[in-house]
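So this block is data-v4.cif, mmCIF, C-alpha atoms; chains and numbers go by the auth columns:
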```
data_work
#
loop_
_atom_site.group_PDB
_atom_site.id
_atom_site.type_symbol
_atom_site.label_atom_id
_atom_site.label_comp_id
_atom_site.label_asym_id
_atom_site.label_seq_id
_atom_site.Cartn_x
_atom_site.Cartn_y
_atom_site.Cartn_z
_atom_site.B_iso_or_equiv
_atom_site.auth_seq_id
_atom_site.auth_asym_id
ATOM 1 C CA GLU A 1 6.354 31.019 -22.381 0.00 1 A
ATOM 2 C CA GLY A 2 5.232 33.543 -19.832 0.00 2 A
ATOM 3 C CA GLY A 3 4.232 37.114 -19.173 0.00 3 A
ATOM 4 C CA GLY A 4 0.929 38.853 -19.657 0.00 4 A
ATOM 5 C CA GLY A 5 -0.963 36.195 -17.778 0.00 5 A
ATOM 6 C CA GLU A 6 -1.245 32.422 -17.949 0.00 6 A
ATOM 7 C CA GLY A 7 0.762 31.044 -20.839 0.00 7 A
ATOM 8 C CA GLY A 8 1.842 34.519 -21.793 0.00 8 A
ATOM 9 C CA ILE A 9 -0.872 34.936 -24.383 0.00 9 A
ATOM 10 C CA ALA A 10 -4.217 33.753 -23.054 0.00 10 A
ATOM 11 C CA THR A 11 -5.138 36.300 -20.403 0.00 11 A
ATOM 12 C CA ALA A 12 -5.497 40.070 -20.626 0.00 12 A
ATOM 13 C CA PRO A 13 -4.047 42.301 -17.876 0.00 13 A
ATOM 14 C CA ASP A 14 -7.387 42.538 -16.071 0.00 14 A
ATOM 15 C CA GLY A 15 -8.000 38.787 -16.190 0.00 15 A
ATOM 16 C CA ASP A 16 -10.396 38.522 -19.130 0.00 16 A
ATOM 17 C CA ILE A 17 -9.827 35.566 -21.426 0.00 17 A
ATOM 18 C CA CYS A 18 -8.753 36.583 -24.919 0.00 18 A
ATOM 19 C CA GLY A 19 -10.839 35.125 -27.718 0.00 19 A
ATOM 20 C CA LYS A 20 -8.604 35.679 -30.731 0.00 20 A
ATOM 21 C CA VAL A 21 -4.860 35.571 -31.359 0.00 21 A
ATOM 22 C CA GLN A 22 -3.387 37.947 -33.913 0.00 22 A
ATOM 23 C CA VAL A 23 -0.009 39.701 -33.837 0.00 23 A
ATOM 24 C CA VAL A 24 2.745 37.783 -32.054 0.00 24 A
ATOM 25 C CA ALA A 25 5.726 39.136 -30.141 0.00 25 A
ATOM 26 C CA VAL A 26 8.760 37.161 -28.992 0.00 26 A
ATOM 27 C CA VAL A 27 11.146 38.702 -26.467 0.00 27 A
ATOM 28 C CA ARG A 28 14.754 37.548 -26.247 0.00 28 A
ATOM 29 C CA LEU A 29 16.687 38.789 -23.232 0.00 29 A
ATOM 30 C CA LEU A 30 20.452 38.315 -23.258 0.00 30 A
ATOM 31 C CA GLY A 31 22.143 38.437 -19.866 0.00 31 A
ATOM 32 C CA HIS A 32 25.546 39.866 -19.043 0.00 32 A
ATOM 33 C CA ASP A 33 26.583 36.335 -18.052 0.00 33 A
ATOM 34 C CA GLY A 34 25.577 34.892 -21.447 0.00 34 A
ATOM 35 C CA SER A 35 22.256 33.545 -20.210 0.00 35 A
ATOM 36 C CA GLU A 36 19.111 33.827 -22.312 0.00 36 A
ATOM 37 C CA TRP A 37 15.438 34.271 -21.447 0.00 37 A
ATOM 38 C CA ILE A 38 12.686 33.940 -24.059 0.00 38 A
ATOM 39 C CA CYS A 39 8.958 34.651 -23.881 0.00 39 A
ATOM 40 C CA ARG A 40 6.072 34.756 -26.361 0.00 40 A
ATOM 41 C CA TYR A 41 3.084 37.124 -26.311 0.00 41 A
ATOM 42 C CA ALA A 42 0.177 37.928 -28.628 0.00 42 A
ATOM 43 C CA ASN A 43 -2.564 40.480 -29.162 0.00 43 A
ATOM 44 C CA CYS A 44 -5.718 40.014 -27.124 0.00 44 A
ATOM 45 C CA PHE A 45 -8.867 40.484 -29.184 0.00 45 A
ATOM 46 C CA ARG A 46 -11.510 42.480 -27.284 0.00 46 A
ATOM 47 C CA GLY A 47 -14.125 42.923 -29.975 0.00 47 A
ATOM 48 C CA SER A 48 -12.789 45.961 -31.793 0.00 48 A
ATOM 49 C CA SER A 49 -9.505 47.454 -32.913 0.00 49 A
ATOM 50 C CA GLU A 50 -9.829 50.275 -30.403 0.00 50 A
ATOM 51 C CA ALA A 51 -10.403 47.893 -27.483 0.00 51 A
ATOM 52 C CA ASN A 52 -7.820 45.225 -28.348 0.00 52 A
ATOM 53 C CA VAL A 53 -4.779 44.809 -26.108 0.00 53 A
ATOM 54 C CA HIS A 54 -1.617 44.708 -28.202 0.00 54 A
ATOM 55 C CA ALA A 55 1.218 42.243 -27.689 0.00 55 A
ATOM 56 C CA GLU A 56 3.590 45.087 -26.849 0.00 56 A
ATOM 57 C CA SER A 57 1.411 45.966 -23.842 0.00 57 A
ATOM 58 C CA PHE A 58 1.990 42.508 -22.376 0.00 58 A
ATOM 59 C CA VAL A 59 5.734 42.877 -22.907 0.00 59 A
ATOM 60 C CA ILE A 60 5.802 46.247 -21.158 0.00 60 A
ATOM 61 C CA ALA A 61 3.763 44.931 -18.211 0.00 61 A
ATOM 62 C CA ASP A 62 5.770 41.739 -17.709 0.00 62 A
ATOM 63 C CA GLU A 63 7.226 41.847 -14.203 0.00 63 A
ATOM 64 C CA THR A 64 9.736 39.099 -14.985 0.00 64 A
ATOM 65 C CA ILE A 65 11.430 41.322 -17.558 0.00 65 A
ATOM 66 C CA LEU A 66 11.300 44.347 -15.268 0.00 66 A
ATOM 67 C CA SER A 67 12.782 42.424 -12.345 0.00 67 A
ATOM 68 C CA ALA A 68 15.675 41.132 -14.444 0.00 68 A
ATOM 69 C CA VAL A 69 16.401 44.586 -15.870 0.00 69 A
ATOM 70 C CA ARG A 70 16.241 46.299 -12.491 0.00 70 A
ATOM 71 C CA ALA A 71 18.579 43.693 -11.047 0.00 71 A
ATOM 72 C CA GLY A 72 21.150 44.665 -13.663 0.00 72 A
ATOM 73 C CA GLU A 73 21.096 41.212 -15.241 0.00 73 A
ATOM 74 C CA VAL A 74 20.052 42.178 -18.796 0.00 74 A
ATOM 75 C CA ALA A 75 22.517 43.238 -21.483 0.00 75 A
ATOM 76 C CA GLU A 76 20.136 43.429 -24.435 0.00 76 A
ATOM 77 C CA LEU A 77 16.434 43.094 -25.250 0.00 77 A
ATOM 78 C CA THR A 78 15.356 42.002 -28.731 0.00 78 A
ATOM 79 C CA LEU A 79 11.669 42.222 -29.610 0.00 79 A
ATOM 80 C CA TYR A 80 10.540 40.147 -32.600 0.00 80 A
ATOM 81 C CA LEU A 81 7.183 41.272 -33.997 0.00 81 A
ATOM 82 C CA SER A 82 4.800 40.163 -36.743 0.00 82 A
ATOM 83 C CA TYR A 83 4.477 43.838 -37.772 0.00 83 A
ATOM 84 C CA GLN A 84 6.147 47.092 -36.797 0.00 84 A
ATOM 85 C CA PRO A 85 4.704 48.718 -33.651 0.00 85 A
ATOM 86 C CA CYS A 86 1.591 50.707 -34.509 0.00 86 A
ATOM 87 C CA HIS A 87 1.484 54.503 -34.231 0.00 87 A
ATOM 88 C CA HIS A 88 -2.151 55.639 -34.396 0.00 88 A
ATOM 89 C CA SER A 89 -2.257 53.488 -37.525 0.00 89 A
ATOM 90 C CA GLY A 90 -4.057 50.274 -36.605 0.00 90 A
ATOM 91 C CA GLY A 91 -7.484 48.975 -37.498 0.00 91 A
ATOM 92 C CA ARG A 92 -9.532 48.652 -40.635 0.00 92 A
ATOM 93 C CA PHE A 93 -12.148 50.935 -42.115 0.00 93 A
ATOM 94 C CA GLY A 94 -15.324 48.981 -41.550 0.00 94 A
ATOM 95 C CA GLY A 95 -18.262 48.400 -39.246 0.00 95 A
ATOM 96 C CA GLY A 96 -21.426 50.459 -39.160 0.00 96 A
ATOM 97 C CA GLU A 97 -21.929 53.876 -40.676 0.00 97 A
ATOM 98 C CA ALA A 98 -21.461 55.695 -37.359 0.00 98 A
ATOM 99 C CA ARG A 99 -18.175 53.904 -36.697 0.00 99 A
ATOM 100 C CA GLN A 100 -16.955 54.692 -40.197 0.00 100 A
ATOM 101 C CA ARG A 101 -17.700 58.402 -39.698 0.00 101 A
ATOM 102 C CA ARG A 102 -15.706 58.412 -36.461 0.00 102 A
ATOM 103 C CA ARG A 103 -12.864 56.492 -38.068 0.00 103 A
ATOM 104 C CA ALA A 104 -12.708 58.892 -41.004 0.00 104 A
ATOM 105 C CA HIS A 105 -12.237 61.950 -38.795 0.00 105 A
ATOM 106 C CA ARG A 106 -9.809 60.825 -36.102 0.00 106 A
ATOM 107 C CA GLN A 107 -6.676 58.792 -35.653 0.00 107 A
ATOM 108 C CA HIS A 108 -6.617 55.388 -34.019 0.00 108 A
ATOM 109 C CA PRO A 109 -6.055 55.966 -30.279 0.00 109 A
ATOM 110 C CA THR A 110 -3.293 53.396 -29.805 0.00 110 A
ATOM 111 C CA SER A 111 0.428 53.948 -30.358 0.00 111 A
ATOM 112 C CA CYS A 112 2.643 51.035 -29.347 0.00 112 A
ATOM 113 C CA THR A 113 5.527 53.097 -30.713 0.00 113 A
ATOM 114 C CA GLU A 114 5.010 55.768 -28.050 0.00 114 A
ATOM 115 C CA ALA A 115 4.501 53.090 -25.398 0.00 115 A
ATOM 116 C CA LEU A 116 7.770 51.337 -26.310 0.00 116 A
ATOM 117 C CA ILE A 117 9.714 54.617 -26.419 0.00 117 A
ATOM 118 C CA ALA A 118 8.416 55.520 -22.945 0.00 118 A
ATOM 119 C CA TYR A 119 9.178 51.988 -21.710 0.00 119 A
ATOM 120 C CA HIS A 120 12.737 52.215 -22.963 0.00 120 A
ATOM 121 C CA GLU A 121 13.288 55.646 -21.444 0.00 121 A
ATOM 122 C CA ARG A 122 11.714 54.672 -18.124 0.00 122 A
ATOM 123 C CA GLU A 123 12.906 51.100 -17.606 0.00 123 A
ATOM 124 C CA LEU A 124 15.707 50.144 -19.998 0.00 124 A
ATOM 125 C CA ALA A 125 17.814 53.243 -20.647 0.00 125 A
ATOM 126 C CA PRO A 126 18.716 53.776 -16.951 0.00 126 A
ATOM 127 C CA TYR A 127 20.358 50.325 -17.045 0.00 127 A
ATOM 128 C CA LYS A 128 21.882 50.873 -20.499 0.00 128 A
ATOM 129 C CA VAL A 129 19.782 48.089 -22.052 0.00 129 A
ATOM 130 C CA PRO A 130 19.286 48.616 -25.806 0.00 130 A
ATOM 131 C CA LEU A 131 15.953 47.653 -27.389 0.00 131 A
ATOM 132 C CA SER A 132 16.117 46.179 -30.872 0.00 132 A
ATOM 133 C CA VAL A 133 12.818 45.679 -32.740 0.00 133 A
ATOM 134 C CA VAL A 134 12.898 43.039 -35.479 0.00 134 A
ATOM 135 C CA VAL A 135 9.888 42.959 -37.816 0.00 135 A
ATOM 136 C CA ALA A 136 8.682 40.170 -40.088 0.00 136 A
ATOM 137 C CA ASP A 137 6.314 42.446 -41.997 0.00 137 A
ATOM 138 C CA LEU A 138 5.120 46.040 -42.258 0.00 138 A
ATOM 139 C CA TYR A 139 1.497 47.154 -41.899 0.00 139 A
ATOM 140 C CA LYS A 140 0.056 49.928 -44.084 0.00 140 A
ATOM 141 C CA VAL A 141 3.244 51.998 -44.294 0.00 141 A
ATOM 142 C CA MET A 142 4.017 50.841 -47.845 0.00 142 A
ATOM 143 C CA TRP A 143 0.425 51.195 -49.069 0.00 143 A
ATOM 144 C CA THR A 144 -0.095 53.666 -51.903 0.00 144 A
ATOM 145 C CA GLU A 145 -3.192 55.845 -52.198 0.00 145 A
ATOM 146 C CA GLU A 146 -4.277 54.461 -55.574 0.00 146 A
ATOM 147 C CA LEU A 147 -4.737 51.055 -53.930 0.00 147 A
ATOM 148 C CA MET A 148 -6.666 52.328 -50.899 0.00 148 A
ATOM 149 C CA GLY A 149 -10.085 52.758 -52.444 0.00 149 A
ATOM 150 C CA GLU A 150 -11.879 56.077 -52.618 0.00 150 A
ATOM 151 C CA GLY A 151 -13.379 58.783 -50.416 0.00 151 A
ATOM 152 C CA GLN A 152 -13.292 58.274 -46.654 0.00 152 A
ATOM 153 C CA VAL A 153 -11.667 54.850 -46.982 0.00 153 A
ATOM 154 C CA ARG A 154 -8.726 56.304 -48.888 0.00 154 A
ATOM 155 C CA ASP A 155 -8.449 59.289 -46.549 0.00 155 A
ATOM 156 C CA ALA A 156 -8.401 57.084 -43.441 0.00 156 A
ATOM 157 C CA TYR A 157 -5.834 54.636 -44.812 0.00 157 A
ATOM 158 C CA ALA A 158 -3.626 57.394 -46.223 0.00 158 A
ATOM 159 C CA ALA A 159 -3.549 58.993 -42.774 0.00 159 A
ATOM 160 C CA ASP A 160 -2.775 55.608 -41.192 0.00 160 A
ATOM 161 C CA ALA A 161 0.088 54.983 -43.618 0.00 161 A
ATOM 162 C CA SER A 162 1.577 58.405 -42.954 0.00 162 A
ATOM 163 C CA ALA A 163 1.259 57.976 -39.181 0.00 163 A
ATOM 164 C CA GLY A 164 2.812 54.519 -39.378 0.00 164 A
ATOM 165 C CA ARG A 165 5.839 55.848 -41.241 0.00 165 A
ATOM 166 C CA GLU A 166 6.206 58.630 -38.686 0.00 166 A
ATOM 167 C CA GLY A 167 6.124 56.003 -35.935 0.00 167 A
ATOM 168 C CA ILE A 168 8.946 54.055 -37.578 0.00 168 A
ATOM 169 C CA ARG A 169 11.068 57.174 -37.888 0.00 169 A
ATOM 170 C CA ARG A 170 10.362 58.174 -34.287 0.00 170 A
ATOM 171 C CA LEU A 171 11.387 54.792 -32.939 0.00 171 A
ATOM 172 C CA MET A 172 14.538 54.551 -35.050 0.00 172 A
ATOM 173 C CA SER A 173 15.614 58.050 -34.014 0.00 173 A
ATOM 174 C CA GLN A 174 15.602 57.198 -30.297 0.00 174 A
ATOM 175 C CA PRO A 175 19.020 56.623 -28.687 0.00 175 A
ATOM 176 C CA GLY A 176 19.316 52.994 -27.657 0.00 176 A
ATOM 177 C CA MET A 177 16.470 51.831 -29.918 0.00 177 A
ATOM 178 C CA SER A 178 16.593 50.336 -33.404 0.00 178 A
ATOM 179 C CA MET A 179 14.430 48.549 -35.947 0.00 179 A
ATOM 180 C CA ARG A 180 15.421 46.097 -38.649 0.00 180 A
ATOM 181 C CA ALA A 181 13.978 43.405 -40.883 0.00 181 A
ATOM 182 C CA THR A 182 14.180 39.704 -40.104 0.00 182 A
ATOM 183 C CA GLY A 183 17.054 37.787 -41.666 0.00 183 A
ATOM 184 C CA GLU A 184 18.219 34.186 -41.915 0.00 184 A
ATOM 185 C CA GLU A 185 19.701 34.151 -38.409 0.00 185 A
ATOM 186 C CA ASP A 186 16.455 35.493 -36.959 0.00 186 A
ATOM 187 C CA TRP A 187 14.387 32.835 -38.698 0.00 187 A
ATOM 188 C CA ALA A 188 16.746 30.117 -37.504 0.00 188 A
ATOM 189 C CA PHE A 189 16.318 31.392 -33.942 0.00 189 A
ATOM 190 C CA LEU A 190 12.521 31.611 -34.185 0.00 190 A
ATOM 191 C CA ILE A 191 12.165 28.215 -35.823 0.00 191 A
ATOM 192 C CA GLY A 192 14.283 26.827 -33.004 0.00 192 A
ATOM 193 C CA LEU A 193 11.429 27.735 -30.635 0.00 193 A
ATOM 194 C CA CYS A 194 8.904 25.684 -32.612 0.00 194 A
ATOM 195 C CA ASP A 195 7.872 22.034 -32.340 0.00 195 A
ATOM 196 C CA GLN A 196 10.410 19.445 -33.449 0.00 196 A
ATOM 197 C CA SER A 197 8.362 18.617 -36.534 0.00 197 A
ATOM 198 C CA VAL A 198 8.554 22.253 -37.670 0.00 198 A
ATOM 199 C CA GLN A 199 12.295 22.349 -37.062 0.00 199 A
ATOM 200 C CA GLU A 200 12.745 19.203 -39.132 0.00 200 A
ATOM 201 C CA GLU A 201 10.798 20.724 -42.013 0.00 201 A
ATOM 202 C CA TYR A 202 12.912 23.859 -41.788 0.00 202 A
ATOM 203 C CA GLU A 203 16.075 21.765 -42.053 0.00 203 A
ATOM 204 C CA ARG A 204 14.712 20.702 -45.456 0.00 204 A
ATOM 205 C CA ARG A 205 13.797 24.250 -46.479 0.00 205 A
ATOM 206 C CA GLY A 206 14.064 24.943 -50.173 0.00 206 A
ATOM 207 C CA GLU A 207 13.471 21.309 -51.058 0.00 207 A
ATOM 208 C CA ALA A 208 10.455 20.094 -53.013 0.00 208 A
ATOM 209 C CA GLY A 209 7.926 18.556 -50.634 0.00 209 A
ATOM 210 C CA SER A 210 9.095 20.540 -47.613 0.00 210 A
ATOM 211 C CA ALA A 211 6.617 22.741 -45.760 0.00 211 A
ATOM 212 C CA PHE A 212 9.212 25.444 -46.487 0.00 212 A
ATOM 213 C CA GLY A 213 9.444 24.778 -50.216 0.00 213 A
ATOM 214 C CA PRO A 214 11.420 26.717 -52.836 0.00 214 A
ATOM 215 C CA THR A 215 8.618 29.233 -53.404 0.00 215 A
ATOM 216 C CA HIS A 216 8.195 29.912 -49.686 0.00 216 A
ATOM 217 C CA VAL A 217 11.919 30.402 -49.166 0.00 217 A
ATOM 218 C CA ALA A 218 12.254 32.715 -52.168 0.00 218 A
ATOM 219 C CA LEU A 219 9.232 34.854 -51.234 0.00 219 A
ATOM 220 C CA ARG A 220 10.313 35.129 -47.595 0.00 220 A
ATOM 221 C CA ALA A 221 13.795 36.270 -48.614 0.00 221 A
ATOM 222 C CA LYS A 222 12.247 38.753 -51.050 0.00 222 A
ATOM 223 C CA LEU A 223 9.986 40.241 -48.365 0.00 223 A
ATOM 224 C CA ASP A 224 12.855 40.497 -45.884 0.00 224 A
ATOM 225 C CA ALA A 225 14.848 42.419 -48.512 0.00 225 A
ATOM 226 C CA VAL A 226 11.918 44.737 -49.316 0.00 226 A
ATOM 227 C CA ILE A 227 11.444 45.543 -45.621 0.00 227 A
ATOM 228 C CA ALA A 228 15.172 46.144 -45.147 0.00 228 A
ATOM 229 C CA ASP A 229 15.223 48.514 -48.124 0.00 229 A
ATOM 230 C CA PHE A 230 12.165 50.386 -46.848 0.00 230 A
ATOM 231 C CA LEU A 231 13.673 50.862 -43.386 0.00 231 A
ATOM 232 C CA ALA A 232 16.961 51.980 -44.943 0.00 232 A
ATOM 233 C CA ALA A 233 15.016 54.554 -46.970 0.00 233 A
ATOM 234 C CA GLN A 234 13.418 55.841 -43.768 0.00 234 A
ATOM 235 C CA HIS A 235 16.885 56.204 -42.246 0.00 235 A
ATOM 236 C CA ALA A 236 18.047 58.108 -45.324 0.00 236 A
ATOM 237 C CA GLU A 237 15.059 60.469 -45.152 0.00 237 A
ATOM 238 C CA MET A 238 15.734 61.140 -41.482 0.00 238 A
ATOM 239 C CA ALA A 239 19.400 61.866 -42.173 0.00 239 A
ATOM 240 C CA ALA A 240 18.529 64.189 -45.056 0.00 240 A
ATOM 241 C CA ALA A 241 15.973 66.061 -42.932 0.00 241 A
ATOM 242 C CA ALA A 242 18.478 66.470 -40.098 0.00 242 A
ATOM 243 C CA GLU A 243 21.125 67.729 -42.525 0.00 243 A
ATOM 244 C CA ALA A 244 18.706 70.220 -44.051 0.00 244 A
ATOM 245 C CA ALA A 245 17.657 71.488 -40.618 0.00 245 A
ATOM 246 C CA GLU A 246 21.303 71.931 -39.612 0.00 246 A
ATOM 247 C CA ALA A 247 22.051 73.811 -42.829 0.00 247 A
ATOM 248 C CA ALA A 248 19.057 76.085 -42.240 0.00 248 A
ATOM 249 C CA GLU A 249 20.251 76.888 -38.719 0.00 249 A
ATOM 250 C CA GLU A 250 23.743 77.715 -39.973 0.00 250 A
ATOM 251 C CA ALA A 251 22.284 79.981 -42.645 0.00 251 A
ATOM 252 C CA GLU A 252 20.344 81.926 -40.021 0.00 252 A
ATOM 253 C CA GLU A 253 23.435 82.545 -37.874 0.00 253 A
#
```

Entire entry expressed as structure tokens:
Amino acid sequence: EGGGGEGGIATAPDGDICGKVQVVAVVRLLGHDGSEWICRYANCFRGSSEANVHAESFVIADETILSAVRAGEVAELTLYLSYQPCHHSGGRFGGGEARQRRRAHRQHPTSCTEALIAYHERELAPYKVPLSVVVADLYKVMWTEELMGEGQVRDAYAADASAGREGIRRLMSQPGMSMRATGEEDWAFLIGLCDQSVQEEYERRGEAGSAFGPTHVALRAKLDAVIADFLAAQHAEMAAAAEAAEAAEEAEE
């Protein structure tokens, strides 16, 4: 592990110790010579959603990655994430009344989507390094309004869900960037980074008595499929919108 401070996850960029671990990111760099470099990062809790430092920020700031890319050693960068990168869509509607009023009338200030797009354009694209984002879950983007509560709570979460979907579409539309759901090969890779005891349990996955029992395996496969279908639907919507825009331009000519 490395990057973003000691251990890769324990220290924020300015040196403060992080008190809570949340979203995890794993970077897998593949070299032109077949070599591989792997690092783990996590969110740094700073007391509020607006102040937290996201795992993607540690990835972007990691000088080891930047040095390898700038030296022309990297062929591909894969970013595994607990959730899709946020896009003014993070946080929960809670806290005191004043905070709730602010939350109800403005977007969350953070967009890891925009940060990753800028990072790719600035650091990776000049060296023709593609960035593939692989997500184990999706946050808010599949929420429906009838399940969001009422009043300001519903309004805030509906706006978050819409912004999150826009972030997914923006990232997937960037040349050299992609997003997909985790699959069996991804889980095998990630489990291979875990303690030996976890790897042994995974070898017995689907068996009764395993930590990865039949129910766990079935539900994980189901969620992976749901995420894949959702992302495919976003692709389809983007393609349809582009086709409609092209048709409109031709009609005007």

Taking the file as I've supplied it (selection: the PyMOL selection byres ((chain A and resi 167-169) around 10)), which residues are included? Please answer as an mmCIF file with C-alpha atoms, in the coordinates of the input.
```
data_model
loop_
_atom_site.group_PDB
_atom_site.id
_atom_site.type_symbol
_atom_site.label_atom_id
_atom_site.label_comp_id
_atom_site.auth_asym_id
_atom_site.auth_seq_id
_atom_site.Cartn_x
_atom_site.Cartn_y
_atom_site.Cartn_z
ATOM 1 C CA GLN A 84 6.147 47.092 -36.797
ATOM 2 C CA PRO A 85 4.704 48.718 -33.651
ATOM 3 C CA CYS A 86 1.591 50.707 -34.509
ATOM 4 C CA HIS A 87 1.484 54.503 -34.231
ATOM 5 C CA HIS A 88 -2.151 55.639 -34.396
ATOM 6 C CA SER A 89 -2.257 53.488 -37.525
ATOM 7 C CA SER A 111 0.428 53.948 -30.358
ATOM 8 C CA CYS A 112 2.643 51.035 -29.347
ATOM 9 C CA THR A 113 5.527 53.097 -30.713
ATOM 10 C CA GLU A 114 5.010 55.768 -28.050
ATOM 11 C CA VAL A 141 3.244 51.998 -44.294
ATOM 12 C CA ALA A 161 0.088 54.983 -43.618
ATOM 13 C CA SER A 162 1.577 58.405 -42.954
ATOM 14 C CA ALA A 163 1.259 57.976 -39.181
ATOM 15 C CA GLY A 164 2.812 54.519 -39.378
ATOM 16 C CA ARG A 165 5.839 55.848 -41.241
ATOM 17 C CA GLU A 166 6.206 58.630 -38.686
ATOM 18 C CA ARG A 170 10.362 58.174 -34.287
ATOM 19 C CA LEU A 171 11.387 54.792 -32.939
ATOM 20 C CA MET A 172 14.538 54.551 -35.050
ATOM 21 C CA SER A 173 15.614 58.050 -34.014
ATOM 22 C CA GLN A 174 15.602 57.198 -30.297
ATOM 23 C CA SER A 178 16.593 50.336 -33.404
ATOM 24 C CA MET A 179 14.430 48.549 -35.947
ATOM 25 C CA LEU A 231 13.673 50.862 -43.386
ATOM 26 C CA GLN A 234 13.418 55.841 -43.768
ATOM 27 C CA HIS A 235 16.885 56.204 -42.246
ATOM 28 C CA GLU A 237 15.059 60.469 -45.152
ATOM 29 C CA MET A 238 15.734 61.140 -41.482
#
```

First collect every listed atom of stretch 63-76 of chain A; then fit an axis-aligned box around them, widen it by 6 Å on each side, and give centre and edge lengths in Å to one decimal, as AutoDock Vina command-line options.
```
--center_x 14.9 --center_y 42.7 --center_z -17.7 --size_x 27.3 --size_y 19.2 --size_z 25.4
```

Please provide as a PyMOL selection string all residues within 6 Å of A:Ala42, with the sequence filter that same-chain residues fewer than 4 positions apart are discarded (counting all atoms listed in the file).
-> chain A and resi 9+23-25+55

Result set, the PyMOL selection byres ((chain A and resi 125) around 12) on current file, as a ChimeraX atom specification = /A:69-70,72,74-77,116-124,126-131,174-177

Prev. selection, C-alpha atoms, output as a JSON list (two decimals), in the frame of the given file:
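This is the output file selection.json:
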```json
[["chain", "number", "residue", "atom", "x", "y", "z"],
["A", 69, "VAL", "CA", 16.40, 44.59, -15.87],
["A", 70, "ARG", "CA", 16.24, 46.30, -12.49],
["A", 72, "GLY", "CA", 21.15, 44.66, -13.66],
["A", 74, "VAL", "CA", 20.05, 42.18, -18.80],
["A", 75, "ALA", "CA", 22.52, 43.24, -21.48],
["A", 76, "GLU", "CA", 20.14, 43.43, -24.44],
["A", 77, "LEU", "CA", 16.43, 43.09, -25.25],
["A", 116, "LEU", "CA", 7.77, 51.34, -26.31],
["A", 117, "ILE", "CA", 9.71, 54.62, -26.42],
["A", 118, "ALA", "CA", 8.42, 55.52, -22.94],
["A", 119, "TYR", "CA", 9.18, 51.99, -21.71],
["A", 120, "HIS", "CA", 12.74, 52.22, -22.96],
["A", 121, "GLU", "CA", 13.29, 55.65, -21.44],
["A", 122, "ARG", "CA", 11.71, 54.67, -18.12],
["A", 123, "GLU", "CA", 12.91, 51.10, -17.61],
["A", 124, "LEU", "CA", 15.71, 50.14, -20.00],
["A", 126, "PRO", "CA", 18.72, 53.78, -16.95],
["A", 127, "TYR", "CA", 20.36, 50.32, -17.05],
["A", 128, "LYS", "CA", 21.88, 50.87, -20.50],
["A", 129, "VAL", "CA", 19.78, 48.09, -22.05],
["A", 130, "PRO", "CA", 19.29, 48.62, -25.81],
["A", 131, "LEU", "CA", 15.95, 47.65, -27.39],
["A", 174, "GLN", "CA", 15.60, 57.20, -30.30],
["A", 175, "PRO", "CA", 19.02, 56.62, -28.69],
["A", 176, "GLY", "CA", 19.32, 52.99, -27.66],
["A", 177, "MET", "CA", 16.47, 51.83, -29.92]]
```

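A straight line drawn from atom CA of A:Val217 to atom CA of A:Cys194 is 17.5 Å long.
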